[in-house]
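Each remark here refers to the structure printed beneath this line.
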Amino acid sequence: MSAAPVTALQRESVVVRTRRLAAARRRATAFLGAATALFVAVTAVGAHGTLLGYVQAGAEAAMVGGVADWFAVTALFRRPLGLPIPHTALIVERKDQFAATLGQFVQENFLNADVLAERIRSAGLAPRLAAWLADEANAARAAGHAADLVVGVAEALRDDDVQRVVTAEVTRALDSVEVAPLAGRILRVIIAGGHHAELFNTILSGADRYLADHYAELRDLFEDEAPRWVPDSVYRLIFDRLHTRLRQRLAAMAADPDDETRHQFEEWIASLPDRLETSPEMRARGERLKRDVLASAALRDWSSSLWQQAKGALRTQAADPESGLRRGLADALAATGRRLGSDRGLQEGVERVVESGARALADQFHDELADLVTGTIERWDAAETSSQLELLLGPDLQYIRINGTVVGAGVGLALHAIALALA
């Protein structure tokens, strides 16, 4: 339960505020004490003569004014002298009524849709926002905050949850697509563009590179299959000749556009789109392959690594003021500011959107916000609230006592003068 409304608002400690209040009380009491001592002294001597009469009247009125204002100031926070006088300790007794009144005041004067709309219109939000964004330094600073916000949101997300979402979305997207007909349409595009010849050369190049990179591995496999009675030098010679002739054949196929194998490949791939699109067997095979891929751990690992890479890239880009992300955001914000500043119709549209949003929020939540103000104040401890408010306002209120003493003396002198004049 919050004890008081001003604890978080004041930078001064409670000890300092208490000391200031005590000093202000001593000053006010000193004025009242001086007026009382003067009145007692003059009365004891006897108010003989015009001058002493004025002094006695002024001192008497000062006492009355000082005591009255002491009572008024004290009655705000506590019962004077502990007496159960009606309409005293007002803050303690009327806290809940004050809470309701303040909540109603905030609702009617701050959370009213018409008031908010008028404030938005008079504030000129769109031109001010345009001028602010058009400044490159402001745009860069806003881009940095936006990038940090994106990183913060990404860090707040659980990796497992994101992985599940990515996997589910990929699965949902692929599950609705038949693999075989899609592959057939892709092949048609490749063939129509004449890229199937490049595909054949790519296959040959890949096969040749595999033979070159795995020479030792293939030789060991060949040795394992060779008969034991064949000398090592013989089967190694045979393997080397086979390996060399195979690579030479691949090179010749790649270099000869009229190679028979190339023509066979072109005929096979030309007929493949029709078979992929119409063959039930090919369709079924494609669906089995798709289901195997979607159910594999490789897909989950891929989605996880994809998310980790995305987060790492976001962190790197957000931390570098010269990164593409930050500079792109800054340029976009600055361009938006320039466009907004030069387009009056766009400014009016933005202001209408903001005004409509403010009206909707005010209409939807003004009762809840007013109840929030009222309920918050009602939950404060009454005695502690009164004490904290006295520490905050008390030093200034003590000047009311001083003013009452001084003004009372002036009024007393004036009344005494009037009485003498009329006598």
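Residue numbers start at 1 in each chain; chains themselves are named A, B, ... in the order of the structure tokens; ligands are numbered from 1 in the order shown.
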Skip A:Asp208 itself and residues of its chain fewer than 4 positions away, then list as a list of chain:residue names all residues within 10 Å of it, counting only C-alpha atoms.
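These residues fall inside the cut-off: A:Thr202, A:Ile203, A:Leu204, A:Ala212, A:Asp213, A:His243, A:Leu246, A:Arg247, A:Gln248, A:Arg249, A:Leu250, A:Ala251.
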Residues just named, written with N, CA and C atoms as an mmCIF file, in the first residue's frame:
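Full text of selection_29.cif as output:
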data_model
loop_
_atom_site.group_PDB
_atom_site.id
_atom_site.type_symbol
_atom_site.label_atom_id
_atom_site.label_comp_id
_atom_site.auth_asym_id
_atom_site.auth_seq_id
_atom_site.Cartn_x
_atom_site.Cartn_y
_atom_site.Cartn_z
ATOM 1 N N THR A 202 26.566 -28.562 -65.080
ATOM 2 C CA THR A 202 26.774 -28.467 -63.632
ATOM 3 C C THR A 202 26.868 -29.857 -63.005
ATOM 4 N N ILE A 203 26.015 -30.766 -63.478
ATOM 5 C CA ILE A 203 26.064 -32.144 -62.966
ATOM 6 C C ILE A 203 27.404 -32.783 -63.302
ATOM 7 N N LEU A 204 27.864 -32.592 -64.542
ATOM 8 C CA LEU A 204 29.154 -33.153 -64.940
ATOM 9 C C LEU A 204 30.282 -32.552 -64.126
ATOM 10 N N ALA A 212 37.703 -36.014 -58.146
ATOM 11 C CA ALA A 212 39.010 -35.462 -57.800
ATOM 12 C C ALA A 212 39.199 -35.346 -56.297
ATOM 13 N N ASP A 213 38.165 -34.941 -55.590
ATOM 14 C CA ASP A 213 38.284 -34.707 -54.145
ATOM 15 C C ASP A 213 38.294 -35.995 -53.343
ATOM 16 N N HIS A 243 39.859 -44.260 -63.140
ATOM 17 C CA HIS A 243 39.605 -42.919 -62.589
ATOM 18 C C HIS A 243 39.916 -41.846 -63.631
ATOM 19 N N LEU A 246 37.446 -42.014 -66.624
ATOM 20 C CA LEU A 246 36.124 -41.504 -66.252
ATOM 21 C C LEU A 246 36.122 -39.978 -66.223
ATOM 22 N N ARG A 247 37.164 -39.371 -65.687
ATOM 23 C CA ARG A 247 37.228 -37.904 -65.665
ATOM 24 C C ARG A 247 37.377 -37.352 -67.077
ATOM 25 N N GLN A 248 38.136 -38.079 -67.921
ATOM 26 C CA GLN A 248 38.257 -37.635 -69.303
ATOM 27 C C GLN A 248 36.919 -37.713 -70.026
ATOM 28 N N ARG A 249 36.165 -38.760 -69.743
ATOM 29 C CA ARG A 249 34.841 -38.903 -70.376
ATOM 30 C C ARG A 249 33.902 -37.774 -69.936
ATOM 31 N N LEU A 250 33.955 -37.433 -68.669
ATOM 32 C CA LEU A 250 33.124 -36.336 -68.184
ATOM 33 C C LEU A 250 33.513 -35.022 -68.846
ATOM 34 N N ALA A 251 34.802 -34.787 -69.008
ATOM 35 C CA ALA A 251 35.255 -33.562 -69.663
ATOM 36 C C ALA A 251 34.821 -33.522 -71.117
#
From the set A:Val14, A:Ile191, A:Leu346, A:Val407, which residue has the shortest atom-to-atom contact distance to A:Glu60, counting only C-alpha atoms?
A:Val407
Considering only C-alpha atoms, can you say which of A:Leu157, A:Val166, A:Ile120, A:Ile269 comes closest to A:Ser356?
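Smallest distance to A:Ser356 is found for A:Ile120.
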Nearest to A:Gln309: which of A:Ala383, A:Asp259, A:Ala154, A:Phe239 is it, counting only C-alpha atoms?
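Using only C-alpha atoms, the shortest distance to A:Gln309 belongs to A:Ala154.
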